[in-house]
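*Asks:* So I've got this file, target_35.txt, and it contains compact mmCIF, C-alpha atoms:
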# COMPACT_ATOMS: atom_id res chain seq x y z
CA MET T 18 -4.00 -24.04 6.29
CA LEU T 19 -5.37 -25.51 3.13
CA CYS T 20 -8.13 -23.15 2.03
CA SER T 21 -9.77 -19.93 3.14
CA CYS T 22 -12.80 -19.75 0.84
CA ASP T 23 -16.36 -19.39 2.19
CA ALA T 24 -17.47 -22.75 0.75
CA CYS T 25 -14.82 -24.64 2.72
CA ALA T 26 -15.58 -22.56 5.81
CA LEU T 27 -19.19 -23.70 5.62
CA LEU T 28 -18.21 -27.31 4.93
CA PHE T 29 -15.83 -27.45 7.88
CA GLN T 30 -18.05 -25.44 10.23
CA ASP T 31 -18.52 -28.38 12.60
CA GLY T 32 -15.26 -30.12 11.75
CA TYR T 33 -14.70 -32.61 9.00
CA GLY T 34 -12.33 -35.41 9.81
CA ARG T 35 -8.92 -33.97 10.43
CA TYR T 36 -9.78 -30.49 9.14
CA ARG T 37 -10.80 -27.60 11.38
CA ARG T 38 -12.26 -24.24 10.59
CA ILE T 39 -10.16 -21.29 11.71
CA PRO T 40 -12.36 -19.00 13.82
CA ARG T 41 -12.75 -15.37 12.77
CA ASP T 42 -13.01 -13.72 16.19
CA ALA T 43 -10.09 -12.56 18.28
CA TYR T 44 -10.39 -12.00 22.03
CA TYR T 45 -8.56 -9.34 23.99
CA LEU T 46 -7.74 -10.69 27.46
CA ALA T 47 -8.18 -7.48 29.41
CA ASP T 48 -7.29 -8.92 32.81
CA PHE T 49 -4.51 -11.33 31.81
CA HIS T 50 -0.95 -10.43 32.78
CA LEU T 51 2.46 -12.06 32.85
CA ASP T 52 5.11 -10.86 35.24
CA GLU T 53 8.77 -10.74 34.19
CA LEU T 54 9.61 -14.10 35.77
CA GLN T 55 6.76 -15.83 33.94
CA TRP T 56 7.83 -14.27 30.63
CA GLU T 57 11.47 -15.26 31.22
CA ALA T 58 10.41 -18.86 31.93
CA LEU T 59 8.94 -19.04 28.41
CA ALA T 60 12.40 -18.32 26.91
CA ILE T 61 11.13 -16.20 24.02
CA PRO T 62 13.98 -14.01 22.68
CA ILE T 63 11.74 -11.17 21.42
CA ASN T 64 8.63 -9.40 22.71
CA LEU T 65 6.16 -10.97 20.26
CA ALA T 66 5.07 -14.61 20.45
CA PHE T 67 2.19 -16.98 19.93
CA PHE T 68 1.33 -20.27 21.59
CA PHE T 69 -1.06 -22.99 20.44
CA PHE T 70 -1.79 -26.65 21.07
CA SER T 71 -0.66 -28.74 18.11
CA THR T 72 -2.50 -32.03 17.73
CA ALA T 73 0.30 -33.29 15.47
CA ALA T 74 2.92 -32.67 18.17
CA ASN T 75 0.47 -33.45 21.00
CA ARG T 76 1.68 -30.46 23.00
CA THR T 77 1.67 -26.68 23.11
CA LEU T 78 4.15 -25.02 20.79
CA ALA T 79 5.64 -21.53 21.00
CA PHE T 80 6.58 -19.41 17.98
CA TYR T 81 7.78 -15.89 17.38
CA PRO T 82 7.82 -13.92 14.14
CA SER T 83 11.23 -13.44 12.56
CA THR T 84 12.80 -12.54 9.25
CA GLY T 85 12.93 -16.27 8.52
CA GLY T 86 9.22 -16.82 9.20
CA ALA T 87 7.58 -18.34 12.26
CA THR T 88 10.44 -19.55 14.46
CA GLU T 89 9.75 -22.22 17.05
CA SER T 90 11.07 -21.68 20.54
CA LEU T 91 11.57 -24.54 22.97
CA LEU T 92 8.78 -24.24 25.48
CA ASP T 93 8.98 -25.22 29.13
CA LEU T 94 5.62 -26.97 29.41
CA ALA T 95 5.50 -26.63 33.21
CA ALA T 96 5.86 -22.85 32.88
CA TRP T 97 3.25 -22.80 30.11
CA ASN T 98 0.77 -24.91 32.10
CA GLN T 99 1.05 -22.56 35.07
CA ILE T 100 0.38 -19.54 32.83
CA ALA T 101 -2.49 -21.22 30.95
CA ALA T 102 -4.17 -22.17 34.22
CA ALA T 103 -4.53 -18.47 35.06
CA HIS T 104 -7.20 -17.74 32.47
CA PRO T 105 -10.15 -19.91 31.38
CA ARG T 106 -10.18 -18.53 27.82
CA ILE T 107 -6.65 -19.82 27.25
CA GLN T 108 -7.67 -23.26 28.50
CA GLU T 109 -10.60 -23.21 26.03
CA MET T 110 -8.50 -22.44 22.93
CA GLN T 111 -9.28 -24.69 19.99
CA PRO T 112 -6.29 -26.90 19.09
CA ASP T 113 -4.39 -25.96 15.93
CA VAL T 114 -6.59 -22.97 15.04
CA GLU T 115 -6.44 -20.58 18.03
CA ALA T 116 -3.38 -19.16 19.74
CA LEU T 117 -2.42 -16.96 22.64
CA LEU T 118 -0.81 -13.98 20.91
CA ILE T 119 1.39 -11.84 23.16
CA ASN T 120 2.47 -8.31 22.31
CA ARG T 121 5.00 -7.08 24.86
CA LEU T 122 5.99 -4.19 22.58
CA ALA T 123 2.85 -2.41 23.77
CA ASN T 124 2.77 -0.60 27.08
CA PRO T 125 1.06 -2.21 28.88
CA PRO T 126 1.55 -5.58 27.14
CA GLU T 127 -1.41 -6.99 25.25
CA TYR T 128 -2.72 -10.55 25.25
CA TYR T 129 -5.12 -12.04 22.73
CA VAL T 130 -6.67 -15.37 21.91
CA SER T 131 -6.37 -15.08 18.18
CA PRO T 132 -7.16 -17.11 15.08
CA ILE T 133 -3.92 -18.80 14.04
CA ASP T 134 -3.96 -17.15 10.62
CA ARG T 135 -3.65 -13.73 12.29
CA CYS T 136 -0.48 -14.93 14.02
CA TYR T 137 0.97 -15.96 10.67
CA GLU T 138 -0.19 -12.65 9.19
CA LEU T 139 1.94 -10.89 11.82
CA THR T 140 4.82 -13.19 10.96
CA GLY T 141 4.44 -12.25 7.29
CA ILE T 142 4.53 -8.56 8.18
CA VAL T 143 7.81 -8.99 10.06
CA ARG T 144 9.32 -11.11 7.31
CA LYS T 145 8.27 -8.77 4.50
CA GLN T 146 8.90 -5.40 6.16
CA TRP T 147 12.10 -6.05 8.14
CA SER T 148 15.07 -4.03 6.96
CA GLY T 149 18.60 -3.88 8.30
CA PHE T 150 19.65 -4.83 11.80
CA THR T 151 16.88 -3.12 13.80
CA GLY T 152 14.00 -3.67 11.39
CA GLY T 153 13.56 -0.12 10.14
CA ASP T 154 10.66 2.27 10.66
CA ALA T 155 8.36 0.50 8.19
CA VAL T 156 8.22 -2.77 10.13
CA TRP T 157 7.51 -1.09 13.46
CA LYS T 158 4.76 1.01 11.88
CA ALA T 159 3.23 -2.09 10.24
CA ILE T 160 3.34 -4.05 13.52
CA ALA T 161 1.68 -1.15 15.37
CA GLU T 162 -1.04 -0.97 12.68
CA PHE T 163 -1.59 -4.73 12.88
CA PHE T 164 -2.19 -4.56 16.64
CA THR T 165 -4.37 -1.44 16.36
CA THR T 166 -6.61 -3.32 13.92
CA LEU T 167 -6.61 -6.46 16.07
CA ARG T 168 -7.41 -4.47 19.23
CA ASN T 169 -10.31 -2.70 17.47
CA GLU T 170 -11.76 -5.99 16.15
CA ALA T 171 -11.24 -8.10 19.27
CA VAL T 172 -13.93 -9.05 21.74
CA LYS T 173 -12.92 -7.95 25.24
CA VAL T 174 -12.82 -10.81 27.78
CA GLU T 175 -12.58 -10.20 31.52
CA LEU T 176 -12.69 -12.69 34.34
CA ARG T 177 -15.58 -12.32 36.71
CA HIS T 178 -14.26 -12.20 40.24
CA ALA T 179 -16.50 -13.44 43.05
Mind turning this structure into structure tokens?
*Replies:*
Amino acid sequence: MLCSCDACALLFQDGYGRYRRIPRDAYYLADFHLDELQWEALAIPINLAFFFFSTAANRTLAFYPSTGGATESLLDLAAWNQIAAAHPRIQEMQPDVEALLINRLANPPEYYVSPIDRCYELTGIVRKQWSGFTGGDAVWKAIAEFFTTLRNEAVKVELRHA
């Protein structure tokens, strides 16, 4: 991310060379679910993660928030492709600027197509608020508040079944 001012947002509205505008809307995928085997195939060591297509890497990347920042996890692309095929909104994500954000701390788990800056905002919360071995109460409260805000702002997306 290079800039977040309104002037640049207007300038890059339709794309400008290699720059892309980060969308503002998040989408709650009300009917999207991963079973335990699908989640295990992604090899994410914690219950928060985000996935996006990187044009620089020419593949989908997986990250999870940690005390060291956004930590990349090796992603089994076959497992990812099977999961992504299950929901059209995931297939339509804009490269580099939208991500599938998974919150498996919630019960039931929550799935969002989110602007990438919101994923890094969550990462910043974890990095800034984490204390001790288990994180401390402050980090868990901040994470819960982040997802409450995201859930309230998100557009609900449901598949239409024939």
*Asks:* Please provide the set of residues having any atom within 9 Å of Pro126 in chain T, restricted to only C-alpha atoms, with same-chain residues fewer than 4 positions apart removed, written as an mmCIF file with C-alpha atoms, in the coordinates of the input.
*Replies:*
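Writing done, so here's out20.cif:
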data_model
loop_
_atom_site.group_PDB
_atom_site.id
_atom_site.type_symbol
_atom_site.label_atom_id
_atom_site.label_comp_id
_atom_site.auth_asym_id
_atom_site.auth_seq_id
_atom_site.Cartn_x
_atom_site.Cartn_y
_atom_site.Cartn_z
ATOM 1 C CA HIS T 50 -0.950 -10.430 32.780
ATOM 2 C CA LEU T 51 2.460 -12.060 32.850
ATOM 3 C CA ILE T 119 1.390 -11.840 23.160
ATOM 4 C CA ASN T 120 2.470 -8.310 22.310
ATOM 5 C CA ARG T 121 5.000 -7.080 24.860
ATOM 6 C CA LEU T 122 5.990 -4.190 22.580
#
*Asks:* Which neighbours of range 110-112 of chain T fall inside 8 Å, counting only C-alpha atoms, when residues of the same chain fewer than 6 positions from it are skipped, and could you give them as a PDB file with C-alpha atoms, in the coordinates of the input?
*Replies:*
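Output file selection.pdb follows:
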ATOM      1  CA  PHE T  69      -1.060 -22.990  20.440  1.00  0.00           C
ATOM      2  CA  PHE T  70      -1.790 -26.650  21.070  1.00  0.00           C
ATOM      3  CA  SER T  71      -0.660 -28.740  18.110  1.00  0.00           C
ATOM      4  CA  THR T  72      -2.500 -32.030  17.730  1.00  0.00           C
ATOM      5  CA  VAL T 130      -6.670 -15.370  21.910  1.00  0.00           C
TER       6      VAL T 130
END
*Asks:* Write out as number ranges by chain each polymer residue whose atoms come within 12 Å of Gly141 in chain T, counting all atoms listed in the file; drop sequence neighbours fewer than 2 positions from it.
*Replies:* T: 81-88, 134-139, 143-147, 156, 159-160, 163
*Asks:* Which residue is closest to Arg41 in chain T? Choose from T:Ala123, T:Leu65, T:Val174, T:Leu167 and count only C-alpha atoms.
*Replies:*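 Using only C-alpha atoms, the shortest distance to Arg41 in chain T belongs to T:Leu167.
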*Asks:* What lies within 12 Å of Ile107 in chain T using all atoms listed in the file, ignoring chain neighbours under 6 positions off, as a PyMOL selection string?
*Replies:* chain T and resi 44-46+49+67-70+77+97-101+115-118+128-131+174+176
*Asks:* So how far away is CA of Leu92 in chain T from CA of Thr140 in chain T, in Å?
*Replies:*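 About the pair CA of Thr140 in chain T and CA of Leu92 in chain T: they are 18.7 Å apart.
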*Asks:* Just the number, please: distance in Å from CA of Asp42 in chain T to CA of Glu170 in chain T, one decimal.
*Replies:*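 Here the two named atoms are 7.8 Å from each other.
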*Asks:* Here is a test: counting all atoms listed in the file, which residue of T:Asp23, T:Glu89, T:Glu127, T:Glu162 is nearest to Ile142 in chain T?
*Replies:*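 Using all atoms listed in the file, the shortest distance to Ile142 in chain T belongs to T:Glu162.
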*Asks:* Could you rebuild range 104-115 of chain T with N, CA and C atoms and give it back as a CSV table (one decimal), in the coordinates of the input?
*Replies:*
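Saved the output as out.csv:
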chain,number,residue,atom,x,y,z
T,104,HIS,N,-6.1,-18.4,33.2
T,104,HIS,CA,-7.2,-17.7,32.5
T,104,HIS,C,-8.0,-18.8,31.7
T,105,PRO,N,-9.3,-18.9,32.0
T,105,PRO,CA,-10.2,-19.9,31.4
T,105,PRO,C,-10.2,-19.8,29.9
T,106,ARG,N,-10.1,-18.6,29.3
T,106,ARG,CA,-10.2,-18.5,27.8
T,106,ARG,C,-9.0,-19.2,27.2
T,107,ILE,N,-7.8,-19.1,27.8
T,107,ILE,CA,-6.6,-19.8,27.2
T,107,ILE,C,-6.8,-21.3,27.3
T,108,GLN,N,-7.4,-21.8,28.4
T,108,GLN,CA,-7.7,-23.3,28.5
T,108,GLN,C,-8.7,-23.7,27.5
T,109,GLU,N,-9.5,-22.8,27.0
T,109,GLU,CA,-10.6,-23.2,26.0
T,109,GLU,C,-10.2,-23.0,24.6
T,110,MET,N,-8.9,-22.7,24.3
T,110,MET,CA,-8.5,-22.4,22.9
T,110,MET,C,-8.7,-23.7,22.1
T,111,GLN,N,-9.1,-23.6,20.9
T,111,GLN,CA,-9.3,-24.7,20.0
T,111,GLN,C,-7.9,-25.1,19.5
T,112,PRO,N,-7.6,-26.4,19.6
T,112,PRO,CA,-6.3,-26.9,19.1
T,112,PRO,C,-6.1,-26.5,17.6
T,113,ASP,N,-4.9,-26.2,17.3
T,113,ASP,CA,-4.4,-26.0,15.9
T,113,ASP,C,-4.9,-24.7,15.3
T,114,VAL,N,-6.0,-24.1,15.8
T,114,VAL,CA,-6.6,-23.0,15.0
T,114,VAL,C,-6.7,-21.7,15.9
T,115,GLU,N,-6.5,-21.8,17.2
T,115,GLU,CA,-6.4,-20.6,18.0
T,115,GLU,C,-5.1,-20.5,18.8
